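The block underneath contains the structure these notes are about, expressed in structure tokens.
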Amino acid sequence: MINITSLSKEYIMGENKLLALNDVSVSIKEGEFVSIMGSSGSGKSTLMNIIGCLDVPTKGNYFFRDNDIANYNSNNLAELRNKDIGFVFQNFNLLPRLNALENVVLPLLYSGKNLKERNRLALQALKNVGLEERVHHRPNQLSGGQQQRVSIARAIAGSPKLILADEPTGALDSKTGFEIMKILNDLNSQGITIVLVTHEDDIAKYGSRIIKMKDGKIIEDIKNVSN
């Protein structure tokens, strides 16, 4: 699904240059659950942003499902993100004035589906994460765990091939965090590829493969035999 070779990302900060990624090469197969670990500044979030087509590399190659992302314009990238990639963020990124259903429906506006079908898909996604009784609740009426479930429902409503989860349990207590990880694990068992960024060992162990990063480089890439 993902094939990255000799990829680097450099940021210009005034007169200084920050090399966030340094000659990274990695491949991820369809259906894998990959955990990317590293301390702050290791490059893990930058790598995820590039995989999610939210950022572009300074140099190197990125192929998504055999398509060279370098050939994509902004409209192509937006379509790819909307159709094939679901995003789950640490701070949920829900719109406070919209209820759960409306938050999940929102990205489906660009899918070309009619209103009835968008609502059906959103309701089904909320049901899949156990929130069918909270569809009309706004984010401030939901617990942190429930808000993250809405975020996951929003990510899966369009039937993506890939879910990118950036510290999805970072704002949650341990018990709720493990509940969220069970949902992601179940989605992976249904064939959705999961790429997870975390700095927590207990969360990383949900992956069938663990990649460790430091100073913009991959320093370890191992199969998780305990999974």
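Ordered as shown in the structure tokens, chains take letters A, B, and onward, while each chain numbers its residues from 1 and ligands are numbered from 1 in the order shown.
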
Report task. Might you pull out every residue within 8 Å of segment 96-99 of chain A, with only C-alpha atoms counted and same-chain residues fewer than 3 positions away left off, and present them as JSON, numbers by chain? Result -> {"A": [102, 103, 135, 136, 137, 138, 139, 140]}

Query - Shell of 9 Å around segment 166-176 of chain A, only C-alpha atoms, local chain residues under 6 positions omitted, as a ChimeraX atom specification - result: /A:45,48,87-92,144-145,148,195-200,203

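Proximity ranking of A:Met213, A:Leu94, A:Val104, A:Ile194 relative to Gln147 of chain A places A:Leu94 first, based on only C-alpha atoms.
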
Query raised in the report: Taking the backbone alone, and naming residues the way the document does, which bits of segment 96-162 of chain A are helix (DSSP H, G or I) by DSSP, as a ChimeraX atom specification?
Result: /A:100-110,115-128,139-141,144-156

**Report entry** Test item: residues at most 9 Å from Tyr206 of chain A, only C-alpha atoms, excluding those fewer than 3 positions along its chain, as a PyMOL selection string
**Finding:** chain A and resi 33-35+181-182+185+202-203+209+224+226-227

Would you mind exporting the chosen residues as a short mmCIF file (atom, residue, chain, number, x, y, z; two decimals), in the first residue's frame, restricted to all heavy atoms?
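Below you can see again.cif, which holds the result:
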data_model
loop_
_atom_site.label_atom_id
_atom_site.label_comp_id
_atom_site.auth_asym_id
_atom_site.auth_seq_id
_atom_site.Cartn_x
_atom_site.Cartn_y
_atom_site.Cartn_z
N PHE A 33 -1.05 -3.47 10.71
CA PHE A 33 -1.25 -2.53 11.81
C PHE A 33 0.15 -2.15 12.28
O PHE A 33 0.83 -2.93 12.92
CB PHE A 33 -2.04 -3.18 12.94
CG PHE A 33 -2.49 -2.22 14.03
CD1 PHE A 33 -3.72 -2.39 14.62
CD2 PHE A 33 -1.70 -1.15 14.44
CE1 PHE A 33 -4.16 -1.52 15.63
CE2 PHE A 33 -2.12 -0.28 15.43
CZ PHE A 33 -3.36 -0.47 16.03
N VAL A 34 0.57 -0.94 11.91
CA VAL A 34 1.94 -0.50 12.18
C VAL A 34 1.94 0.62 13.22
O VAL A 34 1.24 1.62 13.08
CB VAL A 34 2.63 0.01 10.89
CG1 VAL A 34 4.04 0.50 11.19
CG2 VAL A 34 2.66 -1.10 9.84
N SER A 35 2.71 0.43 14.28
CA SER A 35 2.89 1.46 15.30
C SER A 35 4.22 2.15 15.06
O SER A 35 5.26 1.49 14.92
CB SER A 35 2.88 0.84 16.70
OG SER A 35 1.63 0.25 16.99
N MET A 181 -8.32 1.59 21.54
CA MET A 181 -7.42 0.71 20.82
C MET A 181 -8.11 -0.58 20.39
O MET A 181 -7.80 -1.13 19.34
CB MET A 181 -6.19 0.39 21.68
CG MET A 181 -5.26 1.58 21.90
SD MET A 181 -4.82 2.43 20.36
CE MET A 181 -4.06 1.11 19.44
N LYS A 182 -9.06 -1.05 21.19
CA LYS A 182 -9.82 -2.24 20.79
C LYS A 182 -10.63 -1.96 19.52
O LYS A 182 -10.71 -2.82 18.63
CB LYS A 182 -10.75 -2.69 21.92
CG LYS A 182 -11.50 -3.99 21.59
CD LYS A 182 -12.43 -4.41 22.68
CE LYS A 182 -13.09 -5.76 22.33
NZ LYS A 182 -13.77 -5.76 21.01
N ASN A 185 -8.24 -1.99 16.70
CA ASN A 185 -7.84 -3.38 16.45
C ASN A 185 -8.93 -4.12 15.67
O ASN A 185 -8.64 -4.88 14.74
CB ASN A 185 -7.58 -4.07 17.79
CG ASN A 185 -6.53 -5.15 17.67
OD1 ASN A 185 -5.53 -5.00 16.97
ND2 ASN A 185 -6.74 -6.25 18.37
N ASP A 202 2.66 0.54 25.79
CA ASP A 202 1.44 -0.27 25.90
C ASP A 202 0.53 -0.11 24.70
O ASP A 202 -0.15 -1.05 24.29
CB ASP A 202 0.67 0.08 27.18
CG ASP A 202 1.38 -0.41 28.44
OD1 ASP A 202 2.29 -1.24 28.30
OD2 ASP A 202 1.02 0.04 29.54
N ILE A 203 0.50 1.09 24.14
CA ILE A 203 -0.34 1.35 22.97
C ILE A 203 0.33 0.81 21.71
O ILE A 203 -0.31 0.20 20.86
CB ILE A 203 -0.60 2.86 22.84
CG1 ILE A 203 -1.37 3.38 24.06
CG2 ILE A 203 -1.39 3.16 21.56
CD1 ILE A 203 -2.69 2.71 24.32
N ARG A 209 3.45 -4.66 14.01
CA ARG A 209 4.80 -4.24 13.64
C ARG A 209 5.08 -2.90 14.32
O ARG A 209 4.21 -2.04 14.39
CB ARG A 209 4.85 -4.09 12.12
CG ARG A 209 6.16 -3.64 11.53
CD ARG A 209 6.02 -3.65 10.03
NE ARG A 209 7.01 -2.84 9.36
CZ ARG A 209 6.87 -2.38 8.12
NH1 ARG A 209 5.77 -2.65 7.42
NH2 ARG A 209 7.81 -1.65 7.56
N ASN A 224 6.03 -7.45 15.83
CA ASN A 224 5.65 -7.56 17.23
C ASN A 224 5.16 -8.99 17.50
O ASN A 224 4.03 -9.35 17.22
CB ASN A 224 4.54 -6.56 17.56
CG ASN A 224 4.12 -6.61 19.01
OD1 ASN A 224 4.82 -7.16 19.85
ND2 ASN A 224 2.98 -6.02 19.32
N SER A 226 4.52 -10.36 20.27
CA SER A 226 3.60 -10.46 21.41
C SER A 226 2.17 -10.19 21.00
O SER A 226 1.24 -10.40 21.78
CB SER A 226 4.00 -9.48 22.51
OG SER A 226 3.85 -8.14 22.09
N ASN A 227 1.97 -9.70 19.75
CA ASN A 227 0.61 -9.36 19.31
C ASN A 227 -0.13 -10.62 18.91
O ASN A 227 0.37 -11.40 18.12
CB ASN A 227 0.67 -8.39 18.13
CG ASN A 227 -0.70 -7.87 17.76
OD1 ASN A 227 -1.57 -8.63 17.31
ND2 ASN A 227 -0.89 -6.57 17.94
#

Query - Interatomic distance (Å, one decimal) between atom CA of Asn73 of chain A and atom CA of Glu32 of chain A - result: 27.6 Å

Query raised in the report: Could you work out how far atom CA of Leu184 of chain A lies from atom CA of Ile219 of chain A, giving the answer in Å with one decimal?
Result: 25.5 Å

Query - For Val24 of chain A, the nearest of the candidates A:Ile211, A:Ala165, A:Ile222, A:Asn114, counting only C-alpha atoms - result: A:Ile211

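Atom CA of Asn49 of chain A to atom CA of Ile2 of chain A spans 13.2 Å [interatomic distance, one decimal].
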
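Using only C-alpha atoms, the residues found no farther than 8 Å from Asn61 of chain A, other than those of its own chain fewer than 6 positions away, are Asn3, Ile4, Thr5, Ser6, Leu7, Asp68, Ile69 and Ala70 of chain A.
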
For the residues in the current selection, export N, CA, C and O atoms as a compact mmCIF listing (two decimals), in the first residue's frame.
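Okay, again_36.txt is ready:
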# COMPACT_ATOMS: atom_id res chain seq x y z
N ASN A 3 4.80 2.81 -0.14
CA ASN A 3 6.21 2.55 -0.45
C ASN A 3 6.96 3.88 -0.47
O ASN A 3 6.77 4.70 -1.37
N ILE A 4 7.80 4.08 0.53
CA ILE A 4 8.56 5.32 0.69
C ILE A 4 10.04 5.00 0.57
O ILE A 4 10.54 4.08 1.22
N THR A 5 10.75 5.75 -0.28
CA THR A 5 12.19 5.50 -0.46
C THR A 5 12.97 6.80 -0.37
O THR A 5 12.61 7.81 -0.99
N SER A 6 14.03 6.77 0.41
CA SER A 6 15.00 7.87 0.55
C SER A 6 14.32 9.21 0.75
O SER A 6 14.68 10.21 0.12
N LEU A 7 13.35 9.23 1.65
CA LEU A 7 12.55 10.43 1.85
C LEU A 7 13.14 11.32 2.93
O LEU A 7 13.51 10.86 4.01
N ASP A 68 2.40 7.44 -7.80
CA ASP A 68 3.44 8.37 -7.37
C ASP A 68 2.78 9.67 -6.92
O ASP A 68 2.23 10.42 -7.73
N ILE A 69 2.85 9.95 -5.61
CA ILE A 69 2.17 11.11 -5.04
C ILE A 69 2.77 12.42 -5.57
O ILE A 69 2.11 13.46 -5.59
N ALA A 70 4.00 12.38 -6.04
CA ALA A 70 4.62 13.58 -6.61
C ALA A 70 3.87 14.10 -7.83
O ALA A 70 3.97 15.27 -8.18

Query raised in the report: If you run DSSP on this backbone, which residues of segment 2-192 of chain A come out as strand (DSSP E or B), and could you give them as a PyMOL selection string?
Result: chain A and resi 2-13+16-28+33-37+59-64+67-68+85-89+162-166

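For the residues A:Ala122, A:Val56, A:Leu21, A:Met1, ranking by smallest atom-to-atom distance to Gly43 of chain A using only C-alpha atoms places A:Leu21 first.
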